[in-house]
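Here the structure comes first, spelled out in structure tokens, and everything after it is commentary.
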Amino acid sequence: MGDRNILRLLNSAMKTGDNLVLPVKAITASVALEPKDYNKLLTNRGASGPVILTLPDPVSANSGMVVTFACIATQIIEIKSTTAGKCVAGGEAAADGGKLAASDEGEIIVAISDGTSWIISSTAAVAASA
């Protein structure tokens, strides 16, 4: 699925009337994400260093969960699954995660669980992380 198609899917799945409504949360340090972080726009606004976000295992209970990250600060955003090889990112079917470069301000990276893997796509060229 292409980058623009994932964003269209996200937009159509989360519409309220004619508006896309997402709560926004700034994360400035590395953290393990919890279910309360799903279906929000997470940013690195205010971060003074790289932010590594750890996703839970993409088990069937997490199927369909969406996590969206926006690069605001000039810092790397990296997202990883707690289980190695459980992400599809950057052309790799068994990546550990994906990341945006510090120079990708204004870009968005989306992770969607299909119950087996986190599918990671971005408005920029997402790099698979090992």
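Following the order of the structure tokens, chains are lettered A, B, ..., residues in each are numbered from 1, and ligands are numbered from 1.
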If we count only C-alpha atoms and set the cut-off at 8 Å, which residues sit around stretch 33-41 of chain A, ignoring sequence neighbours fewer than 6 positions away in its own chain? Please answer as a JSON list (two decimals) with N, CA, C and O atoms, in the first residue's frame.
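Dumped everything to selection04.json:
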[["chain", "number", "residue", "atom", "x", "y", "z"],
["A", 22, "LEU", "N", -8.18, 14.14, 15.72],
["A", 22, "LEU", "CA", -7.25, 13.32, 16.48],
["A", 22, "LEU", "C", -6.78, 14.10, 17.70],
["A", 22, "LEU", "O", -6.36, 15.25, 17.56],
["A", 23, "PRO", "N", -6.81, 13.52, 18.87],
["A", 23, "PRO", "CA", -6.17, 14.18, 20.02],
["A", 23, "PRO", "C", -4.67, 14.25, 19.74],
["A", 23, "PRO", "O", -4.10, 13.38, 19.08],
["A", 24, "VAL", "N", -4.00, 15.28, 20.25],
["A", 24, "VAL", "CA", -2.57, 15.49, 20.02],
["A", 24, "VAL", "C", -1.83, 15.34, 21.34],
["A", 24, "VAL", "O", -2.28, 15.86, 22.38],
["A", 25, "LYS", "N", -0.69, 14.65, 21.30],
["A", 25, "LYS", "CA", 0.13, 14.45, 22.50],
["A", 25, "LYS", "C", 1.60, 14.59, 22.12],
["A", 25, "LYS", "O", 2.06, 13.91, 21.19],
["A", 53, "LEU", "N", 10.06, 5.29, 20.17],
["A", 53, "LEU", "CA", 8.75, 4.88, 20.66],
["A", 53, "LEU", "C", 8.61, 3.38, 20.42],
["A", 53, "LEU", "O", 8.78, 2.91, 19.30],
["A", 54, "THR", "N", 8.34, 2.64, 21.47],
["A", 54, "THR", "CA", 8.23, 1.19, 21.36],
["A", 54, "THR", "C", 6.76, 0.79, 21.31],
["A", 54, "THR", "O", 5.99, 1.10, 22.21],
["A", 55, "LEU", "N", 6.41, 0.12, 20.21],
["A", 55, "LEU", "CA", 5.05, -0.38, 20.02],
["A", 55, "LEU", "C", 4.90, -1.73, 20.71],
["A", 55, "LEU", "O", 5.86, -2.50, 20.78],
["A", 56, "PRO", "N", 3.70, -2.06, 21.17],
["A", 56, "PRO", "CA", 3.49, -3.40, 21.73],
["A", 56, "PRO", "C", 3.55, -4.44, 20.61],
["A", 56, "PRO", "O", 3.56, -4.11, 19.43],
["A", 65, "MET", "N", -5.21, -1.25, 15.15],
["A", 65, "MET", "CA", -4.77, -0.09, 15.92],
["A", 65, "MET", "C", -3.87, 0.79, 15.06],
["A", 65, "MET", "O", -3.04, 0.30, 14.31],
["A", 66, "VAL", "N", -4.04, 2.09, 15.19],
["A", 66, "VAL", "CA", -3.29, 3.06, 14.40],
["A", 66, "VAL", "C", -2.54, 3.99, 15.35],
["A", 66, "VAL", "O", -3.12, 4.50, 16.31],
["A", 67, "VAL", "N", -1.27, 4.22, 15.07],
["A", 67, "VAL", "CA", -0.47, 5.19, 15.80],
["A", 67, "VAL", "C", 0.15, 6.11, 14.76],
["A", 67, "VAL", "O", 0.75, 5.64, 13.80],
["A", 68, "THR", "N", -0.02, 7.42, 14.93],
["A", 68, "THR", "CA", 0.49, 8.40, 13.99],
["A", 68, "THR", "C", 1.48, 9.32, 14.69],
["A", 68, "THR", "O", 1.19, 9.82, 15.77],
["A", 69, "PHE", "N", 2.63, 9.52, 14.07],
["A", 69, "PHE", "CA", 3.68, 10.36, 14.64],
["A", 69, "PHE", "C", 4.00, 11.49, 13.68],
["A", 69, "PHE", "O", 4.10, 11.26, 12.47],
["A", 70, "ALA", "N", 4.18, 12.70, 14.20],
["A", 70, "ALA", "CA", 4.58, 13.84, 13.37],
["A", 70, "ALA", "C", 5.92, 14.36, 13.88],
["A", 70, "ALA", "O", 6.11, 14.55, 15.08]]
Next on the checklist: Could you list, as JSON, numbers by chain, every residue within 9 Å of A:Glu107, counting only C-alpha atoms and ignoring same-chain residues fewer than 4 positions away?
Outcome noted: {"A": [69, 70, 71, 72, 100, 122, 123, 124]}
Item to check | A:Val31 environment, 12 Å, only C-alpha atoms, sequence neighbours closer than 3 positions dropped, as a PyMOL selection string | outcome: chain A and resi 26-28+34+37+42+44+50-56+77-82
Next on the checklist: For the strand (DSSP E) assignment from backbone DSSP, which residues of chain A qualify? Please present them as a VMD selection string.
Outcome noted: chain A and resid 15 to 16 19 to 20 24 to 26 31 to 32 41 to 43 51 to 55 66 to 70 77 to 81 87 to 89 92 to 95 97 to 100 108 to 113 118 to 122 127 to 129
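When only C-alpha atoms are used to measure the gap to A:Gly46, the shortest distance among A:Cys87, A:Ala29, A:Ala61, A:Ala95 belongs to A:Ala29.
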Next on the checklist: Here is a test: counting only C-alpha atoms, which residue of A:Ser121, A:Ser30, A:Gln75, A:Ser113 is nearest to A:Asp57?
Outcome noted: A:Ser113
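Reported to one decimal place, the separation of atom CA of A:Ala32 from atom CA of A:Gly90 is 21.7 Å.
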Item to check | Residues within 7 Å of A:Ser103, only C-alpha atoms, excluding chain neighbours under 2 positions, as a ChimeraX atom specification | outcome: /A:74,101,105
Store the residues picked out above in a file with N, CA and C atoms, as a PDB file, in the first residue's frame.
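Ended up saving to part_37.pdb:
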ATOM      1  N   THR A  74      13.566  19.121  15.394  1.00  0.00           N
ATOM      2  CA  THR A  74      14.641  18.636  14.520  1.00  0.00           C
ATOM      3  C   THR A  74      15.365  17.495  15.231  1.00  0.00           C
ATOM      4  N   ALA A 101      14.198  10.895   9.724  1.00  0.00           N
ATOM      5  CA  ALA A 101      15.423  11.637   9.999  1.00  0.00           C
ATOM      6  C   ALA A 101      15.094  12.945  10.721  1.00  0.00           C
ATOM      7  N   GLU A 105      11.185  17.419   9.436  1.00  0.00           N
ATOM      8  CA  GLU A 105      10.140  18.189  10.116  1.00  0.00           C
ATOM      9  C   GLU A 105       8.926  18.328   9.210  1.00  0.00           C
TER      10      GLU A 105
END
Checklist entry - Which of chain A counts as helix (DSSP H, G or I) under DSSP, as a PyMOL selection string please? => result chain A and resi 3-13+35-37+60-62
Please, could you write that set of residues out with N, CA and C atoms as a short mmCIF file (atom, residue, chain, number, x, y, z; two decimals), in the first residue's frame?
data_model
loop_
_atom_site.label_atom_id
_atom_site.label_comp_id
_atom_site.auth_asym_id
_atom_site.auth_seq_id
_atom_site.Cartn_x
_atom_site.Cartn_y
_atom_site.Cartn_z
N ASP A 3 2.26 5.19 0.34
CA ASP A 3 2.23 6.14 1.44
C ASP A 3 0.95 6.98 1.43
N ARG A 4 0.60 7.52 0.28
CA ARG A 4 -0.60 8.37 0.19
C ARG A 4 -1.86 7.55 0.45
N ASN A 5 -1.89 6.28 0.04
CA ASN A 5 -3.05 5.44 0.28
C ASN A 5 -3.26 5.18 1.77
N ILE A 6 -2.18 5.00 2.52
CA ILE A 6 -2.31 4.79 3.96
C ILE A 6 -2.89 6.03 4.61
N LEU A 7 -2.43 7.21 4.17
CA LEU A 7 -2.98 8.44 4.76
C LEU A 7 -4.45 8.62 4.38
N ARG A 8 -4.84 8.23 3.17
CA ARG A 8 -6.25 8.30 2.78
C ARG A 8 -7.08 7.33 3.63
N LEU A 9 -6.55 6.13 3.86
CA LEU A 9 -7.24 5.14 4.68
C LEU A 9 -7.43 5.69 6.09
N LEU A 10 -6.39 6.26 6.66
CA LEU A 10 -6.47 6.84 8.00
C LEU A 10 -7.52 7.94 8.03
N ASN A 11 -7.51 8.80 7.03
CA ASN A 11 -8.45 9.90 6.97
C ASN A 11 -9.89 9.39 6.90
N SER A 12 -10.15 8.42 6.03
CA SER A 12 -11.53 7.94 5.88
C SER A 12 -11.98 7.14 7.10
N ALA A 13 -11.08 6.45 7.76
CA ALA A 13 -11.45 5.63 8.91
C ALA A 13 -11.75 6.46 10.15
N PRO A 35 -2.05 1.31 24.96
CA PRO A 35 -3.29 1.46 24.20
C PRO A 35 -3.87 2.88 24.24
N LYS A 36 -3.65 3.61 25.33
CA LYS A 36 -4.17 4.99 25.41
C LYS A 36 -3.51 5.91 24.39
N ASP A 37 -2.39 5.47 23.78
CA ASP A 37 -1.70 6.28 22.78
C ASP A 37 -2.18 6.01 21.35
N SER A 60 -3.21 -10.17 17.62
CA SER A 60 -4.56 -9.96 17.09
C SER A 60 -5.37 -8.95 17.92
N ALA A 61 -5.10 -8.84 19.21
CA ALA A 61 -5.81 -7.88 20.05
C ALA A 61 -5.51 -6.45 19.63
N ASN A 62 -4.37 -6.23 18.98
CA ASN A 62 -4.00 -4.90 18.51
C ASN A 62 -4.33 -4.69 17.04
#
Checklist outcome for this item: Between atom CA of A:Ser117 and atom CA of A:Ala73 lies a distance of 27.8 Å
Item to check | Polymer residues at most 8 Å from A:Ile120, only C-alpha atoms, same-chain spacing of 3 or more positions, as a PyMOL selection string | outcome: chain A and resi 87-90+97-98+109-112
Any chance you can output those residues with C-alpha atoms as a PDB file, in the first residue's frame?
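File produced: again.pdb:
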ATOM      1  CA  CYS A  87       7.380  -4.494  11.340  1.00  0.00           C
ATOM      2  CA  VAL A  88       7.007  -3.989   7.607  1.00  0.00           C
ATOM      3  CA  ALA A  89       8.941  -0.807   6.801  1.00  0.00           C
ATOM      4  CA  GLY A  90      11.276   0.711   4.249  1.00  0.00           C
ATOM      5  CA  GLY A  97      10.784  -0.686  13.130  1.00  0.00           C
ATOM      6  CA  GLY A  98      11.104   2.485  11.105  1.00  0.00           C
ATOM      7  CA  ILE A 109       4.882   8.319  10.007  1.00  0.00           C
ATOM      8  CA  VAL A 110       1.966   5.917  10.565  1.00  0.00           C
ATOM      9  CA  ALA A 111       1.999   2.436  12.137  1.00  0.00           C
ATOM     10  CA  ILE A 112      -1.014   0.138  11.702  1.00  0.00           C
TER      11      ILE A 112
END
